[in-house]
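First the structure, in the form of structure tokens, and then the observations on it.
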Amino acid sequence: MDNEELTMKAAKRRERQSALESGDSDIGFCGWMLVGLSLLLMLVTLPISIWMCIKIVKEYERAIIFRLGRLLRGGAKGPGLFFILPCTDSFINVDMRTITFDIPPQEVLTKDSVTVSVDGVVYYRVQNATLAVANITNADAATRLLAQTTLRNVLGTKNLAEILSDREEIAHSMQSTLDDATDDWGIKVERVEIKDVKLPLQLQRAMAAEAEATREARAKVIAAEGEMNASRALKEASLVIAESPSALQLRYLQTLNTIAAEKNSTIIFPLPLEMMQGFTKH
């Protein structure tokens, strides 16, 4: 996502937040009367009332203040101290830390009609506390349900081979879809990961048999190539030996040396016929 799109999304969020914040001028005359009475009550009961008016939120929290049921101008408060009026003001704390949850295993029918079970994990955080409180009842539950449906929708357009090999692309597509859908809720989806892809047992056996057959075929090809190379080397060696008859005798002696090193009980020693003819003449 480029900078221009990010700027447009931020501007839209500010417009939605401005529309939600009605301000003090919208509470009407009766509202102002109640606010004035609440302020007077606070002044009369000082210093006891000061402990009811001062609130504290932690570094990772923001407080959304409602005055007579309307959002108070200025957006979320915190971290630190903030001031509310008793009786007329109420507030909701919103956790701004990153939240993680597991997507339950989803039975998905792929594009090539294979049923697989896929689960994942989603990392998200509240980016705009005002929108997260005012635009949706339960942002956490809505994000969880949306993640499950998005996982099924995205995987339904993929083949089995694509699901097994392109997990990063699928996770990025899910993250982009979820982020766009939850932008109106003030939610920022930071990361989506595919954890496990479970195949049916029969399909696992078929894929294992296919892989084994592929390995055996590759092994036979490699053995055949080795035999071909060996035959070529033997042919070249026979040509060299044919050029020099003494080379054959040296090969005999080398073979005897190899046999003797292996500690065999029986040694077959080949003798040339020319030597036997010399003994018969004597």
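Scheme for the structure tokens: letters A, B, ... for chains in order shown; per-chain residue numbers from 1; ligand numbers from 1 in order shown.
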
DSSP helix (DSSP H, G or I) residues within segment 90-209 of chain A, as a ChimeraX atom specification: /A:129-134,139-155,160-165,167-181,183-185,201-209

Counting only C-alpha atoms, the option among A:Leu109, A:Asp184, A:Glu190, A:Leu145 closest to Arg97 of chain A: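 Selected residue with least distance to Arg97 of chain A: A:Glu190.
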
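Distance check against Thr110 of chain A using only C-alpha atoms: of A:Met33, A:Ala161, A:Leu85, A:Ala147, the minimum falls on A:Ala161.
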
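Between atom CA of Cys53 of chain A and atom CA of Ile136 of chain A there is a distance of 27.6 Å.
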
For each of A:Ala76, A:Leu34, A:Asn93, A:Tyr252, take the minimum atom-to-atom distance to Lys58 of chain A, counting only C-alpha atoms, then give the residue where this is smallest. A:Asn93

Quick one: pull the distance between atom CA of Ala208 of chain A and atom CA of Thr115 of chain A, Å, one decimal. 17.5 Å

To test your reading of the structure, identify every residue in segment 92-258 of chain A that backbone DSSP assigns to strand (DSSP E or B), and report it as a PyMOL selection string. chain A and resi 92-95+99-109+115-126+187-198

Pull N, CA, C and O atoms from the residues just selected and write them as a short mmCIF file (atom, residue, chain, number, x, y, z; two decimals), in the first residue's frame.
```
data_model
loop_
_atom_site.label_atom_id
_atom_site.label_comp_id
_atom_site.auth_asym_id
_atom_site.auth_seq_id
_atom_site.Cartn_x
_atom_site.Cartn_y
_atom_site.Cartn_z
N ILE A 92 -15.09 4.86 29.00
CA ILE A 92 -14.77 3.47 28.67
C ILE A 92 -13.29 3.39 28.36
O ILE A 92 -12.78 4.18 27.53
N ASN A 93 -12.60 2.47 29.01
CA ASN A 93 -11.18 2.26 28.74
C ASN A 93 -11.01 1.30 27.56
O ASN A 93 -11.70 0.28 27.47
N VAL A 94 -10.08 1.66 26.67
CA VAL A 94 -9.80 0.84 25.49
C VAL A 94 -8.33 0.46 25.51
O VAL A 94 -7.46 1.34 25.63
N ASP A 95 -8.04 -0.83 25.40
CA ASP A 95 -6.67 -1.34 25.37
C ASP A 95 -6.09 -1.15 23.97
O ASP A 95 -6.66 -1.63 22.99
N ILE A 99 -3.22 -7.46 19.96
CA ILE A 99 -3.97 -8.64 20.41
C ILE A 99 -3.78 -9.75 19.37
O ILE A 99 -3.80 -9.49 18.17
N THR A 100 -3.60 -10.96 19.86
CA THR A 100 -3.47 -12.12 18.97
C THR A 100 -4.58 -13.11 19.27
O THR A 100 -5.02 -13.25 20.41
N PHE A 101 -5.01 -13.81 18.24
CA PHE A 101 -5.99 -14.89 18.41
C PHE A 101 -5.80 -15.91 17.30
O PHE A 101 -5.35 -15.58 16.19
N ASP A 102 -6.14 -17.15 17.63
CA ASP A 102 -6.04 -18.25 16.67
C ASP A 102 -7.34 -18.37 15.89
O ASP A 102 -8.43 -18.29 16.46
N ILE A 103 -7.20 -18.53 14.59
CA ILE A 103 -8.36 -18.84 13.76
C ILE A 103 -8.63 -20.33 13.87
O ILE A 103 -7.75 -21.15 13.57
N PRO A 104 -9.82 -20.75 14.30
CA PRO A 104 -10.11 -22.20 14.41
C PRO A 104 -9.96 -22.89 13.06
O PRO A 104 -10.09 -22.26 12.00
N PRO A 105 -9.62 -24.18 13.05
CA PRO A 105 -9.50 -24.90 11.78
C PRO A 105 -10.77 -24.78 10.94
O PRO A 105 -11.87 -25.04 11.42
N GLN A 106 -10.58 -24.38 9.69
CA GLN A 106 -11.71 -24.18 8.79
C GLN A 106 -11.67 -25.23 7.67
O GLN A 106 -10.64 -25.43 7.04
N GLU A 107 -12.80 -25.90 7.47
CA GLU A 107 -12.91 -26.86 6.37
C GLU A 107 -13.18 -26.07 5.08
O GLU A 107 -14.22 -25.42 4.95
N VAL A 108 -12.23 -26.13 4.15
CA VAL A 108 -12.29 -25.32 2.94
C VAL A 108 -12.26 -26.23 1.72
O VAL A 108 -11.48 -27.20 1.67
N LEU A 109 -13.12 -25.95 0.75
CA LEU A 109 -13.12 -26.65 -0.54
C LEU A 109 -12.31 -25.81 -1.52
O LEU A 109 -12.70 -24.69 -1.86
N THR A 115 -10.88 -31.02 -0.25
CA THR A 115 -11.25 -30.51 1.07
C THR A 115 -10.03 -30.52 1.98
O THR A 115 -9.41 -31.57 2.20
N VAL A 116 -9.68 -29.37 2.52
CA VAL A 116 -8.54 -29.24 3.43
C VAL A 116 -9.00 -28.49 4.67
O VAL A 116 -9.99 -27.75 4.66
N SER A 117 -8.26 -28.70 5.76
CA SER A 117 -8.52 -28.00 7.02
C SER A 117 -7.34 -27.06 7.28
O SER A 117 -6.19 -27.52 7.39
N VAL A 118 -7.63 -25.78 7.40
CA VAL A 118 -6.59 -24.75 7.52
C VAL A 118 -6.90 -23.90 8.75
O VAL A 118 -8.05 -23.53 8.99
N ASP A 119 -5.86 -23.60 9.53
CA ASP A 119 -5.99 -22.67 10.64
C ASP A 119 -4.89 -21.63 10.54
O ASP A 119 -3.95 -21.76 9.75
N GLY A 120 -5.01 -20.58 11.34
CA GLY A 120 -4.05 -19.48 11.27
C GLY A 120 -4.07 -18.66 12.53
O GLY A 120 -4.74 -18.99 13.53
N VAL A 121 -3.31 -17.55 12.51
CA VAL A 121 -3.22 -16.64 13.64
C VAL A 121 -3.24 -15.21 13.11
O VAL A 121 -2.69 -14.93 12.04
N VAL A 122 -3.91 -14.31 13.84
CA VAL A 122 -4.08 -12.92 13.44
C VAL A 122 -3.55 -12.02 14.55
O VAL A 122 -3.80 -12.26 15.74
N TYR A 123 -2.80 -10.97 14.15
CA TYR A 123 -2.31 -9.96 15.07
C TYR A 123 -2.97 -8.62 14.69
O TYR A 123 -2.86 -8.20 13.54
N TYR A 124 -3.63 -8.00 15.65
CA TYR A 124 -4.28 -6.73 15.37
C TYR A 124 -4.23 -5.84 16.61
O TYR A 124 -3.95 -6.31 17.73
N ARG A 125 -4.52 -4.57 16.44
CA ARG A 125 -4.56 -3.61 17.54
C ARG A 125 -5.60 -2.55 17.23
O ARG A 125 -5.99 -2.36 16.07
N VAL A 126 -6.03 -1.85 18.28
CA VAL A 126 -6.97 -0.74 18.12
C VAL A 126 -6.17 0.50 17.71
O VAL A 126 -5.29 0.95 18.45
N ILE A 187 -9.72 -0.53 13.72
CA ILE A 187 -8.85 -1.67 13.95
C ILE A 187 -7.77 -1.70 12.87
O ILE A 187 -8.06 -1.50 11.69
N LYS A 188 -6.55 -1.99 13.29
CA LYS A 188 -5.43 -2.15 12.36
C LYS A 188 -4.94 -3.59 12.44
O LYS A 188 -4.41 -4.04 13.47
N VAL A 189 -5.11 -4.35 11.36
CA VAL A 189 -4.63 -5.72 11.29
C VAL A 189 -3.16 -5.68 10.86
O VAL A 189 -2.84 -5.29 9.74
N GLU A 190 -2.28 -6.08 11.76
CA GLU A 190 -0.85 -5.95 11.51
C GLU A 190 -0.25 -7.14 10.78
O GLU A 190 0.65 -6.99 9.96
N ARG A 191 -0.75 -8.35 11.08
CA ARG A 191 -0.12 -9.53 10.49
C ARG A 191 -1.08 -10.71 10.52
O ARG A 191 -1.87 -10.85 11.46
N VAL A 192 -1.00 -11.54 9.50
CA VAL A 192 -1.79 -12.78 9.42
C VAL A 192 -0.84 -13.90 9.01
O VAL A 192 -0.03 -13.72 8.08
N GLU A 193 -0.91 -15.02 9.70
CA GLU A 193 -0.06 -16.16 9.38
C GLU A 193 -0.91 -17.42 9.25
O GLU A 193 -1.84 -17.63 10.03
N ILE A 194 -0.58 -18.24 8.23
CA ILE A 194 -1.21 -19.56 8.06
C ILE A 194 -0.39 -20.57 8.87
O ILE A 194 0.81 -20.74 8.64
N LYS A 195 -1.02 -21.23 9.83
CA LYS A 195 -0.28 -22.13 10.72
C LYS A 195 -0.14 -23.53 10.15
O LYS A 195 0.97 -24.05 10.04
N ASP A 196 -1.24 -24.16 9.78
CA ASP A 196 -1.18 -25.57 9.38
C ASP A 196 -2.23 -25.84 8.32
O ASP A 196 -3.33 -25.26 8.35
N VAL A 197 -1.87 -26.72 7.40
CA VAL A 197 -2.79 -27.18 6.36
C VAL A 197 -2.89 -28.70 6.49
O VAL A 197 -1.92 -29.41 6.26
N LYS A 198 -4.06 -29.19 6.88
CA LYS A 198 -4.27 -30.62 7.09
C LYS A 198 -5.01 -31.21 5.91
O LYS A 198 -6.09 -30.73 5.55
#
```

Give me the residues near Leu39 of chain A as JSON, numbers by chain, where near means some atom within 8 Å (using only C-alpha atoms) and where sequence neighbours in that chain fewer than 4 positions away do not count. {"A": [35, 43, 85, 86]}

Mind pulling up the distance from atom CA of Glu243 of chain A to atom CA of Ser231 of chain A? 18.8 Å
